[in-house]
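Asker: So I've got this file, data21.cif, and it contains mmCIF, C-alpha atoms:
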data_structure
#
loop_
_atom_site.label_atom_id
_atom_site.label_comp_id
_atom_site.auth_asym_id
_atom_site.auth_seq_id
_atom_site.Cartn_x
_atom_site.Cartn_y
_atom_site.Cartn_z
CA MET A 1 -12.44 18.36 1.84
CA ASN A 2 -12.61 21.20 -0.69
CA SER A 3 -14.47 20.93 -3.98
CA THR A 4 -11.31 21.30 -6.07
CA THR A 5 -9.63 18.35 -4.37
CA ALA A 6 -12.76 16.22 -4.58
CA SER A 7 -13.15 16.95 -8.28
CA GLU A 8 -9.50 16.51 -9.24
CA TRP A 9 -9.18 13.18 -7.43
CA GLN A 10 -12.63 11.98 -8.54
CA ILE A 11 -13.58 11.05 -5.01
CA ALA A 12 -17.21 10.61 -6.02
CA ASP A 13 -16.16 7.59 -8.09
CA ILE A 14 -15.25 5.72 -4.90
CA ASP A 15 -18.09 4.18 -2.88
CA VAL A 16 -16.74 4.90 0.58
CA PRO A 17 -19.50 3.06 2.52
CA ALA A 18 -18.82 -0.05 0.41
CA TYR A 19 -15.09 0.30 1.08
CA LEU A 20 -15.70 0.62 4.82
CA HIS A 21 -18.02 -2.39 4.71
CA ALA A 22 -15.22 -4.38 3.07
CA LEU A 23 -13.03 -3.41 6.05
CA GLY A 24 -15.69 -4.66 8.46
CA LEU A 25 -16.76 -1.14 9.41
CA ASP A 26 -20.15 0.57 9.22
CA ALA A 27 -20.21 4.06 7.71
CA ALA A 28 -23.35 5.02 9.65
CA ALA A 29 -21.83 3.88 12.93
CA LEU A 30 -18.77 6.03 12.27
CA ALA A 31 -20.84 9.18 11.72
CA GLY A 32 -20.65 10.23 15.36
CA VAL A 33 -17.08 9.10 15.99
CA PRO A 34 -14.56 11.94 16.47
CA ARG A 35 -12.18 12.45 13.56
CA ASP A 36 -9.19 11.90 15.78
CA LEU A 37 -6.01 9.83 15.94
CA ASP A 38 -7.83 6.82 17.37
CA LEU A 39 -10.13 6.65 14.34
CA LEU A 40 -7.22 7.14 11.95
CA GLU A 41 -5.37 4.29 13.66
CA ARG A 42 -8.44 2.07 13.42
CA LEU A 43 -8.94 2.79 9.70
CA HIS A 44 -5.28 2.30 8.82
CA ARG A 45 -5.02 -1.03 10.63
CA ALA A 46 -8.29 -2.26 9.13
CA HIS A 47 -7.08 -1.40 5.64
CA VAL A 48 -3.71 -3.17 5.81
CA SER A 49 -5.34 -6.18 7.50
CA THR A 50 -7.99 -6.50 4.79
CA VAL A 51 -6.75 -5.30 1.41
CA PRO A 52 -3.74 -7.28 0.13
CA PHE A 53 -0.74 -5.63 -1.45
CA GLY A 54 0.07 -7.32 -4.73
CA ASN A 55 1.10 -7.13 -8.37
CA VAL A 56 -1.03 -9.98 -9.71
CA GLY A 57 -2.73 -7.71 -12.26
CA VAL A 58 0.61 -6.61 -13.68
CA LEU A 59 1.84 -10.19 -14.02
CA LEU A 60 -1.39 -11.27 -15.68
CA GLY A 61 -0.95 -8.44 -18.20
CA GLU A 62 -4.34 -6.94 -17.43
CA HIS A 63 -3.72 -3.96 -15.17
CA PRO A 64 -6.43 -1.45 -16.13
CA GLY A 65 -4.86 1.70 -14.66
CA VAL A 66 -5.21 3.80 -11.54
CA ALA A 67 -8.22 6.03 -12.15
CA PRO A 68 -10.23 6.18 -8.90
CA ALA A 69 -13.19 4.23 -10.30
CA THR A 70 -10.79 1.54 -11.49
CA VAL A 71 -9.03 1.48 -8.13
CA PHE A 72 -12.32 0.94 -6.33
CA ASP A 73 -13.26 -1.84 -8.73
CA GLN A 74 -9.90 -3.59 -8.37
CA LEU A 75 -9.51 -3.39 -4.61
CA VAL A 76 -13.08 -3.51 -3.32
CA ARG A 77 -15.36 -5.10 -5.92
CA ARG A 78 -12.96 -7.59 -7.53
CA ARG A 79 -10.69 -8.06 -4.49
CA ARG A 80 -7.59 -8.29 -6.67
CA GLY A 81 -5.18 -6.43 -4.40
CA GLY A 82 -2.88 -3.73 -5.67
CA TYR A 83 0.07 -1.51 -4.88
CA CYS A 84 0.62 1.96 -3.45
CA PHE A 85 -1.02 4.07 -6.16
CA GLU A 86 -4.26 2.15 -5.65
CA HIS A 87 -4.14 1.69 -1.88
CA SER A 88 -3.24 5.31 -1.13
CA GLN A 89 -5.85 6.79 -3.46
CA LEU A 90 -8.58 4.62 -1.94
CA PHE A 91 -7.47 5.36 1.62
CA ALA A 92 -7.14 9.11 1.00
CA ALA A 93 -10.59 9.32 -0.63
CA ALA A 94 -12.17 7.55 2.31
CA LEU A 95 -10.44 9.81 4.84
CA GLU A 96 -11.48 12.96 3.00
CA THR A 97 -15.06 11.76 2.72
CA LEU A 98 -15.05 11.13 6.47
CA GLY A 99 -13.79 14.65 7.13
CA PHE A 100 -10.04 14.29 7.62
CA THR A 101 -7.60 16.79 6.10
CA VAL A 102 -5.36 14.88 3.69
CA ARG A 103 -2.36 15.41 1.44
CA ARG A 104 -1.08 12.83 -1.03
CA ALA A 105 2.70 12.43 -1.26
CA LEU A 106 5.08 10.75 -3.68
CA GLY A 107 8.42 9.24 -2.78
CA ARG A 108 11.37 7.08 -3.73
CA VAL A 109 11.89 3.51 -2.54
CA ARG A 110 15.09 2.74 -0.61
CA SER A 111 17.28 5.21 -2.50
CA LEU A 112 17.38 8.91 -3.33
CA GLN A 113 18.27 7.85 -6.88
CA SER A 114 15.10 5.79 -7.34
CA PRO A 115 12.17 7.12 -9.39
CA ARG A 116 9.08 8.49 -7.66
CA THR A 117 7.18 5.22 -7.63
CA HIS A 118 5.72 5.22 -4.12
CA MET A 119 2.65 7.02 -2.82
CA THR A 120 1.73 7.72 0.79
CA VAL A 121 -0.96 9.71 2.59
CA LEU A 122 -0.33 12.59 5.01
CA VAL A 123 -3.12 13.38 7.46
CA ASP A 124 -3.53 16.39 9.76
CA VAL A 125 -5.03 15.63 13.16
CA ALA A 126 -5.25 18.08 16.08
CA GLY A 127 -2.52 20.33 14.71
CA ALA A 128 -0.05 17.52 13.92
CA ARG A 129 0.71 15.78 10.65
CA TYR A 130 0.89 11.98 10.41
CA LEU A 131 2.33 9.66 7.80
CA CYS A 132 0.05 6.83 6.70
CA ASP A 133 1.51 4.12 4.48
CA PRO A 134 -1.30 1.71 3.50
CA GLY A 135 0.27 0.58 0.23
CA PHE A 136 3.87 -0.46 0.90
CA GLY A 137 3.28 -4.12 1.68
CA PHE A 138 5.46 -4.57 4.77
CA SER A 139 5.22 -1.26 6.54
CA ILE A 140 3.50 0.46 9.43
CA THR A 141 0.02 -0.71 10.41
CA GLY A 142 -0.95 2.74 11.67
CA PRO A 143 0.01 6.42 11.48
CA VAL A 144 3.33 7.77 12.68
CA PRO A 145 3.97 11.47 13.44
CA LEU A 146 5.73 13.29 10.65
CA HIS A 147 8.52 14.86 12.64
CA ASP A 148 12.22 14.19 12.89
CA GLY A 149 12.94 11.31 15.27
CA ALA A 150 9.36 10.04 15.55
CA ARG A 151 9.13 6.33 16.34
CA ARG A 152 6.46 3.66 16.04
CA VAL A 153 7.13 0.28 17.68
CA GLU A 154 5.22 -2.70 16.30
CA GLY A 155 6.15 -5.86 18.13
CA ASP A 156 9.83 -6.48 17.49
CA ARG A 157 10.05 -3.91 14.69
CA THR A 158 10.76 -0.20 15.12
CA PHE A 159 9.85 2.37 12.48
CA THR A 160 11.40 5.82 12.55
CA VAL A 161 10.82 9.04 10.66
CA GLY A 162 13.75 11.31 9.86
CA ARG A 163 14.71 14.39 7.91
CA VAL A 164 17.05 13.96 4.96
CA ARG A 165 18.14 16.37 2.25
CA ASP A 166 18.65 15.81 -1.43
CA GLU A 167 20.59 18.72 -2.99
CA GLY A 168 19.11 20.96 -0.31
CA TRP A 169 15.52 19.83 -0.80
CA PRO A 170 14.03 18.60 2.51
CA LEU A 171 12.57 15.10 2.46
CA TRP A 172 11.15 12.69 5.01
CA SER A 173 12.41 9.14 5.40
CA LEU A 174 10.64 6.13 6.86
CA SER A 175 13.00 3.44 8.17
CA ARG A 176 12.35 -0.03 9.55
CA ASP A 177 14.90 -1.24 12.13
CA GLY A 178 17.41 1.31 10.86
CA THR A 179 17.03 0.53 7.14
CA MET A 180 15.37 3.14 4.97
CA GLU A 181 12.10 1.97 3.40
CA HIS A 182 11.41 5.09 1.36
CA VAL A 183 11.66 8.88 1.28
CA LEU A 184 8.76 11.19 0.55
CA GLU A 185 8.23 14.79 -0.45
CA GLU A 186 5.52 17.19 0.68
CA SER A 187 5.28 18.86 -2.72
CA THR A 188 1.90 18.94 -4.46
CA VAL A 189 0.76 15.75 -6.17
CA HIS A 190 -1.76 15.65 -9.01
CA PRO A 191 -3.45 12.63 -10.63
CA ALA A 192 -1.15 12.92 -13.66
CA ASP A 193 1.82 12.26 -11.36
CA VAL A 194 0.15 9.08 -10.12
CA ARG A 195 -0.51 7.91 -13.67
CA MET A 196 3.14 8.46 -14.58
CA GLY A 197 4.36 6.53 -11.55
CA HIS A 198 1.95 3.70 -12.28
CA LEU A 199 3.05 3.60 -15.94
CA MET A 200 6.67 3.09 -14.93
CA THR A 201 5.82 0.58 -12.20
CA SER A 202 3.61 -1.57 -14.39
CA THR A 203 5.34 -1.37 -17.79
CA ASP A 204 9.01 -0.44 -17.43
CA ALA A 205 11.31 -3.29 -18.42
CA ASP A 206 13.33 -2.90 -15.21
CA SER A 207 10.36 -2.71 -12.84
CA VAL A 208 10.55 -5.31 -10.09
CA PHE A 209 6.79 -5.79 -10.42
CA ARG A 210 7.28 -7.31 -13.86
CA HIS A 211 9.89 -9.84 -12.75
CA HIS A 212 8.70 -11.05 -9.35
CA LEU A 213 5.45 -11.99 -7.69
CA MET A 214 4.83 -9.97 -4.54
CA VAL A 215 1.66 -10.42 -2.50
CA MET A 216 1.60 -9.35 1.16
CA LYS A 217 -0.80 -8.69 4.00
CA HIS A 218 -0.87 -8.16 7.74
CA THR A 219 -2.80 -11.08 9.25
CA PRO A 220 -3.83 -12.00 12.82
CA GLY A 221 -0.86 -14.38 12.89
CA GLY A 222 1.64 -11.80 11.67
CA HIS A 223 2.81 -10.43 8.36
CA VAL A 224 2.83 -12.78 5.36
CA THR A 225 4.73 -12.36 2.07
CA VAL A 226 4.23 -14.62 -0.93
CA THR A 227 6.70 -14.57 -3.84
CA GLU A 228 7.20 -16.82 -6.83
CA ARG A 229 9.45 -19.01 -4.65
CA GLY A 230 7.42 -19.47 -1.52
CA VAL A 231 6.00 -17.86 1.60
CA THR A 232 7.58 -15.87 4.42
CA GLU A 233 5.69 -15.55 7.70
CA ARG A 234 6.65 -13.10 10.44
CA PRO A 235 4.69 -13.94 13.60
CA PRO A 236 5.09 -11.26 16.29
CA GLY A 237 7.67 -12.12 18.90
CA ARG A 238 8.81 -15.28 17.10
CA ASP A 239 11.37 -16.19 14.46
CA THR A 240 10.60 -15.49 10.82
CA ARG A 241 9.66 -18.63 8.89
CA HIS A 242 10.23 -19.23 5.18
CA ARG A 243 9.01 -22.19 3.15
CA GLU A 244 9.64 -23.06 -0.47
CA LEU A 245 6.43 -23.91 -2.33
CA SER A 246 5.42 -25.37 -5.66
CA ALA A 247 4.00 -22.97 -8.25
CA ARG A 248 0.48 -24.24 -7.55
CA GLU A 249 0.98 -23.85 -3.79
CA VAL A 250 2.20 -20.29 -4.34
CA VAL A 251 -1.01 -19.41 -6.14
CA ASP A 252 -3.05 -21.09 -3.41
CA ARG A 253 -1.34 -18.89 -0.80
CA VAL A 254 -2.03 -15.81 -2.93
CA ARG A 255 -5.69 -16.72 -2.76
CA ASP A 256 -5.41 -17.34 0.98
CA LEU A 257 -4.31 -13.71 1.40
CA GLY A 258 -7.54 -12.51 -0.17
CA VAL A 259 -6.69 -12.11 -3.86
CA ARG A 260 -9.64 -13.38 -5.88
CA LEU A 261 -8.83 -15.37 -9.02
CA THR A 262 -10.98 -17.33 -11.41
CA GLU A 263 -9.77 -20.84 -12.18
CA ALA A 264 -8.53 -19.65 -15.58
CA GLU A 265 -6.64 -16.75 -13.97
CA ALA A 266 -5.17 -19.06 -11.34
CA GLY A 267 -3.93 -21.37 -14.10
CA THR A 268 -2.34 -18.45 -15.94
CA LEU A 269 -0.68 -17.28 -12.73
CA VAL A 270 0.73 -20.78 -12.11
CA THR A 271 2.29 -20.64 -15.56
CA THR A 272 3.65 -17.16 -14.88
CA VAL A 273 5.09 -18.17 -11.51
CA THR A 274 6.79 -21.18 -13.14
CA ARG A 275 8.36 -18.86 -15.73
CA LEU A 276 9.54 -16.39 -13.07
CA ARG A 277 11.24 -19.21 -11.17
CA GLY A 278 13.40 -19.88 -14.24
#
As structure tokens, please, write out the structure in this file.

Answerer:
Amino acid sequence: MNSTTASEWQIADIDVPAYLHALGLDAAALAGVPRDLDLLERLHRAHVSTVPFGNVGVLLGEHPGVAPATVFDQLVRRRRGGYCFEHSQLFAAALETLGFTVRRALGRVRSLQSPRTHMTVLVDVAGARYLCDPGFGFSITGPVPLHDGARRVEGDRTFTVGRVRDEGWPLWSLSRDGTMEHVLEESTVHPADVRMGHLMTSTDADSVFRHHLMVMKHTPGGHVTVTERGVTERPPGRDTRHRELSAREVVDRVRDLGVRLTEAEAGTLVTTVTRLRG
């Protein structure tokens, strides 16, 4: 980690030992562990199994921004969950503090015509570059090599990385079972770019995060998605299950996934969910 990167991304504002503790890991115990692919896999899986993806803050009208100190407060201290700009900044800061070489990358969700509203983390290990995607909600649970044709099989799902071009500019795509999840660029990203992406995601009238509840997490029983309508569970090796829920049950499941809410906030979210259901 160079001093310019650490300063620009305000890494000192993130308490990495506290973050690791939240993941069930001990910073001191990791001190002698090689900074290799096995450790990167372990950290990635621990993150997506612990920190929920969600837009609860946006729907409650209280999202405080994506400065690193705020990100740490939201995801680690308050346990409110968040989306890619928060997850990826936290994950990247932790990796850099631990000694990994990291690049932050922006991308477009499911279409080359989409705005740059997704953030991923690229990590160099033993001469190879890996894509980490801790903040997409229903994505890879560990790193995948960033080269054309790379595959990562997770149960009955297959993720692939491919090269695509947009007016001659080379991009990388991540696909799940043949459907593109997002494309990313390797061009330089600065904090101002993250703030712009967050501003559009959290305030634009057409942003999906303003019109739907989306809370997700990888759990021991499989991946779980909660929306304003109900819950979808994807147990490995078994059929996907979906159940319609009442507004109150929806909020209860949001809490079950690790999003902390006061009783007043839970009541407000019940009202919001009822409105979103129409």

Asker: When the PyMOL selection byres ((chain A and resi 108) around 8) is applied to the structure above, which residues does it catch, written out as a list in words?

Answerer: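 Those residues are Leu106, Gly107, Val109, Arg110, Ser111, Leu112, Gln113, Ser114, Pro115, Arg116, Thr117, His118, His182, Val183 and Leu184 of chain A.
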
Asker: Restricting it to C-alpha atoms, dump the selection as a compact mmCIF listing (two decimals), keeping the file's coordinate frame.

Answerer:
# COMPACT_ATOMS: atom_id res chain seq x y z
CA LEU A 106 5.08 10.75 -3.68
CA GLY A 107 8.42 9.24 -2.78
CA VAL A 109 11.89 3.51 -2.54
CA ARG A 110 15.09 2.74 -0.61
CA SER A 111 17.28 5.21 -2.50
CA LEU A 112 17.38 8.91 -3.33
CA GLN A 113 18.27 7.85 -6.88
CA SER A 114 15.10 5.79 -7.34
CA PRO A 115 12.17 7.12 -9.39
CA ARG A 116 9.08 8.49 -7.66
CA THR A 117 7.18 5.22 -7.63
CA HIS A 118 5.72 5.22 -4.12
CA HIS A 182 11.41 5.09 1.36
CA VAL A 183 11.66 8.88 1.28
CA LEU A 184 8.76 11.19 0.55

Asker: Hey, could you make a per-residue contact list for region 185-245 of chain A against region 136-152 of chain A with 12 Å as the cut-off, showing the nearest pair of atoms and its distance in Å to one decimal, counting all atoms listed in the file, sorted by chain and number, as JSON lines?

Answerer:
{"residue": "A:Glu185", "atom": "CA", "partner": "A:Leu146", "partner_atom": "CA", "distance": 11.5}
{"residue": "A:Glu186", "atom": "CA", "partner": "A:Leu146", "partner_atom": "CA", "distance": 10.7}
{"residue": "A:Met214", "atom": "CA", "partner": "A:Gly137", "partner_atom": "CA", "distance": 8.7}
{"residue": "A:Val215", "atom": "CA", "partner": "A:Gly137", "partner_atom": "CA", "distance": 7.7}
{"residue": "A:Met216", "atom": "CA", "partner": "A:Gly137", "partner_atom": "CA", "distance": 5.5}
{"residue": "A:Lys217", "atom": "CA", "partner": "A:Gly137", "partner_atom": "CA", "distance": 6.6}
{"residue": "A:His218", "atom": "CA", "partner": "A:Phe138", "partner_atom": "CA", "distance": 7.9}
{"residue": "A:Thr219", "atom": "CA", "partner": "A:Thr141", "partner_atom": "CA", "distance": 10.8}
{"residue": "A:Gly222", "atom": "CA", "partner": "A:Phe138", "partner_atom": "CA", "distance": 10.7}
{"residue": "A:His223", "atom": "CA", "partner": "A:Phe138", "partner_atom": "CA", "distance": 7.4}
{"residue": "A:Val224", "atom": "CA", "partner": "A:Phe138", "partner_atom": "CA", "distance": 8.6}
{"residue": "A:Thr225", "atom": "CA", "partner": "A:Phe138", "partner_atom": "CA", "distance": 8.3}
{"residue": "A:Val226", "atom": "CA", "partner": "A:Gly137", "partner_atom": "CA", "distance": 10.9}
{"residue": "A:Thr232", "atom": "CA", "partner": "A:Phe138", "partner_atom": "CA", "distance": 11.5}
{"residue": "A:Glu233", "atom": "CA", "partner": "A:Phe138", "partner_atom": "CA", "distance": 11.4}
{"residue": "A:Arg234", "atom": "CA", "partner": "A:Phe138", "partner_atom": "CA", "distance": 10.3}

Asker: Do you know which residues lie at most 12 Å from (-1.4, -12.0, -21.6), with coordinates as in the file and all atoms listed in the file counted, and could you write them as a PDB file with C-alpha atoms, in the frame of the given file?

Answerer:
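As a result, out_37.pdb now contains:
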ATOM      1  CA  GLY A  57      -2.730  -7.710 -12.260  1.00  0.00           C
ATOM      2  CA  VAL A  58       0.610  -6.610 -13.680  1.00  0.00           C
ATOM      3  CA  LEU A  59       1.840 -10.190 -14.020  1.00  0.00           C
ATOM      4  CA  LEU A  60      -1.390 -11.270 -15.680  1.00  0.00           C
ATOM      5  CA  GLY A  61      -0.950  -8.440 -18.200  1.00  0.00           C
ATOM      6  CA  GLU A  62      -4.340  -6.940 -17.430  1.00  0.00           C
ATOM      7  CA  HIS A  63      -3.720  -3.960 -15.170  1.00  0.00           C
ATOM      8  CA  GLU A 265      -6.640 -16.750 -13.970  1.00  0.00           C
ATOM      9  CA  THR A 268      -2.340 -18.450 -15.940  1.00  0.00           C
ATOM     10  CA  LEU A 269      -0.680 -17.280 -12.730  1.00  0.00           C
ATOM     11  CA  THR A 271       2.290 -20.640 -15.560  1.00  0.00           C
ATOM     12  CA  THR A 272       3.650 -17.160 -14.880  1.00  0.00           C
TER      13      THR A 272
END

Asker: One decimal, in Å: what's the spacing between CA of Glu41 (chain A) and CA of Met180 (chain A)?

Answerer: 22.5 Å

Asker: To one decimal in Å, tell me the separation between CA of Ser187 (chain A) and CA of Phe159 (chain A).

Answerer: 22.9 Å

Asker: Using all atoms listed in the file, which residue out of A:Val259, A:Ala264, A:Val48, A:Val66 lies closest to Thr201 (chain A)?

Answerer: A:Val66

Asker: Which one of A:Leu75, A:Gly81, A:Arg104, A:Asn55 sits closest to Leu20 (chain A) if you count only C-alpha atoms?

Answerer: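 Among the listed residues, the smallest separation from Leu20 (chain A) belongs to A:Leu75.
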
Asker: Which one of A:Phe72, A:Phe100, A:Tyr19, A:Tyr130 sits closest to His47 (chain A) if you count only C-alpha atoms?

Answerer: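 Of all the options, A:Tyr19 lies closest to His47 (chain A).
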
Asker: Could you work out how far CA of Val273 (chain A) lies from CA of Thr227 (chain A), giving the answer in Å with one decimal?

Answerer: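 CA of Thr227 (chain A) sits 8.6 Å away from CA of Val273 (chain A).
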
Asker: Need the shell around Ala18 (chain A): protein/DNA/RNA residues with any atom at most 10 Å away, counting all atoms listed in the file. Skip same-chain ones fewer than 3 positions apart. Format as a VMD selection string?

Answerer: chain A and resid 14 to 15 21 to 27 72 76 to 77

Asker: Mind listing whatever residues come within 10 Å of the point (-0.6, -20.8, -9.1)? Use only C-alpha atoms, file coordinates, and give them as JSON, numbers by chain.

Answerer: {"A": [228, 246, 247, 248, 249, 250, 251, 252, 253, 254, 255, 261, 263, 265, 266, 267, 268, 269, 270, 271, 272, 273, 274]}

Asker: If I wrap all listed atoms of region 34-42 of chain A in a box with edges along x, y and z and add 3 Å on each side, what are its centre and edge lengths in Å to one decimal, as lines of an AutoDock Vina configuration file?

Answerer:
center_x = -10.0
center_y = 7.3
center_z = 14.7
size_x = 15.2
size_y = 16.4
size_z = 11.4
